[in-house]
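S.K.: There's a structure below that I have some questions on.
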Amino acid sequence: MPAKLIDYYKAIEDSSRKMLDAAKARDWDEVVRYEGACAVLIEQLRFRAQELELPPEHRSEKVRIMQRILRNDAEIRCLAEPWLSQFDRLMQDQPQMVH
C-alpha cells in the first residue's frame, strides 16, 4: 500500500497508462481490469486524504500526474469510441426483452 499521498497519484497514473496500452491493443478486458484497479486506488486515495495532507513540494508533481491521467483518459475514449458505437449497433439489432 502506498505510504504517501503522491504515491497513490503515481499508482493511479501507472494503472491509467496500462489501461491506455490495453486500449491501444484493443484488449478491452484488460482495459476494464485496469479501470477497476484505478477505481480502487482512487477510493483509497480519498480515504487516506482524510488523514494525510499533500506536502507543498508534491503539489506541482500532482498537477503533472493529473494532466497525464487526463490525456490518457482522452486517448482511451478516442480508442473506445468505435468499439462503443459497434456495441450500440449490435444492441439496437437485438429484440428488446421486458422483465
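Naming works like this for the C-alpha cells: A, B, ... for the chains as they're shown, residue 1 at the start of each chain, ligands 1 onward in shown order.
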When you look at Tyr9 (chain A) with a cut-off of 8 Å (counting only C-alpha atoms), what residues show up, excluding the ones that are within fewer than 2 positions of it in the same chain? I need them as an NGL selection string.
M.R.: :A and (5-7 or 11-13 or 45 or 62 or 65-66)
S.K.: Using only C-alpha atoms for the distances, tell me which of A:Arg26, A:Ala39, A:Glu53, A:Ser15 is nearest to Glu81 (chain A).
M.R.: A:Arg26
S.K.: What residues in chain A get the DSSP label alpha helix (DSSP H)? Please answer as a PyMOL selection string.
M.R.: chain A and resi 5-24+28-49+56-93
S.K.: Could those selected residues go to a file with C-alpha atoms, as a compact mmCIF listing (two decimals), in the first residue's frame?
M.R.:
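Result file is again02.txt:
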```
# COMPACT_ATOMS: atom_id res chain seq x y z
CA LEU A 5 -0.46 10.58 -1.00
CA ILE A 6 1.75 11.26 -4.02
CA ASP A 7 2.36 7.50 -4.25
CA TYR A 8 -1.38 6.99 -4.80
CA TYR A 9 -1.34 9.52 -7.64
CA LYS A 10 1.65 7.71 -9.18
CA ALA A 11 -0.09 4.34 -8.86
CA ILE A 12 -3.25 5.72 -10.48
CA GLU A 13 -1.16 7.16 -13.30
CA ASP A 14 0.57 3.81 -13.80
CA SER A 15 -2.75 1.99 -13.95
CA SER A 16 -4.08 4.64 -16.34
CA ARG A 17 -1.06 4.14 -18.61
CA LYS A 18 -1.60 0.37 -18.57
CA MET A 19 -5.26 0.93 -19.39
CA LEU A 20 -4.20 3.05 -22.38
CA ASP A 21 -1.74 0.38 -23.53
CA ALA A 22 -4.53 -2.22 -23.33
CA ALA A 23 -6.88 0.05 -25.29
CA LYS A 24 -4.23 0.51 -27.99
CA TRP A 28 -10.98 -4.41 -23.66
CA ASP A 29 -10.95 -7.00 -20.87
CA GLU A 30 -7.62 -5.59 -19.70
CA VAL A 31 -8.96 -2.05 -20.03
CA VAL A 32 -11.79 -2.98 -17.67
CA ARG A 33 -9.37 -4.68 -15.29
CA TYR A 34 -7.13 -1.61 -15.05
CA GLU A 35 -10.17 0.65 -14.80
CA GLY A 36 -11.18 -1.36 -11.73
CA ALA A 37 -7.69 -1.00 -10.30
CA CYS A 38 -7.88 2.77 -10.82
CA ALA A 39 -11.23 2.89 -9.06
CA VAL A 40 -9.83 1.04 -6.04
CA LEU A 41 -6.78 3.31 -5.89
CA ILE A 42 -8.93 6.44 -6.18
CA GLU A 43 -11.09 5.25 -3.30
CA GLN A 44 -8.00 4.51 -1.22
CA LEU A 45 -6.65 7.97 -2.05
CA ARG A 46 -9.90 9.59 -0.93
CA PHE A 47 -9.76 7.70 2.35
CA ARG A 48 -6.08 8.47 3.02
CA ALA A 49 -6.52 12.13 2.04
CA PRO A 56 3.57 21.61 -0.88
CA GLU A 57 6.62 20.14 -2.61
CA HIS A 58 4.40 17.41 -4.16
CA ARG A 59 1.65 19.70 -5.46
CA SER A 60 3.25 20.56 -8.80
CA GLU A 61 4.05 16.87 -9.35
CA LYS A 62 0.40 16.05 -8.60
CA VAL A 63 -0.70 18.55 -11.26
CA ARG A 64 1.61 16.99 -13.86
CA ILE A 65 0.39 13.49 -12.95
CA MET A 66 -3.26 14.56 -13.19
CA GLN A 67 -2.63 16.11 -16.61
CA ARG A 68 -1.09 12.86 -17.86
CA ILE A 69 -4.01 10.86 -16.45
CA LEU A 70 -6.46 13.15 -18.23
CA ARG A 71 -4.55 12.82 -21.50
CA ASN A 72 -4.56 9.02 -21.11
CA ASP A 73 -8.29 9.10 -20.43
CA ALA A 74 -8.97 11.22 -23.51
CA GLU A 75 -6.93 8.88 -25.70
CA ILE A 76 -8.69 5.82 -24.25
CA ARG A 77 -12.05 7.40 -25.04
CA CYS A 78 -10.98 8.04 -28.64
CA LEU A 79 -9.84 4.44 -28.99
CA ALA A 80 -13.01 3.07 -27.37
CA GLU A 81 -15.45 5.20 -29.38
CA PRO A 82 -15.56 2.92 -32.46
CA TRP A 83 -15.95 -0.13 -30.24
CA LEU A 84 -18.76 1.52 -28.27
CA SER A 85 -20.51 2.57 -31.48
CA GLN A 86 -20.31 -1.00 -32.78
CA PHE A 87 -21.65 -2.28 -29.45
CA ASP A 88 -24.57 0.19 -29.64
CA ARG A 89 -25.43 -1.00 -33.15
CA LEU A 90 -25.39 -4.63 -32.01
CA MET A 91 -27.68 -3.82 -29.10
CA GLN A 92 -30.12 -1.96 -31.35
CA ASP A 93 -30.38 -5.03 -33.58
```
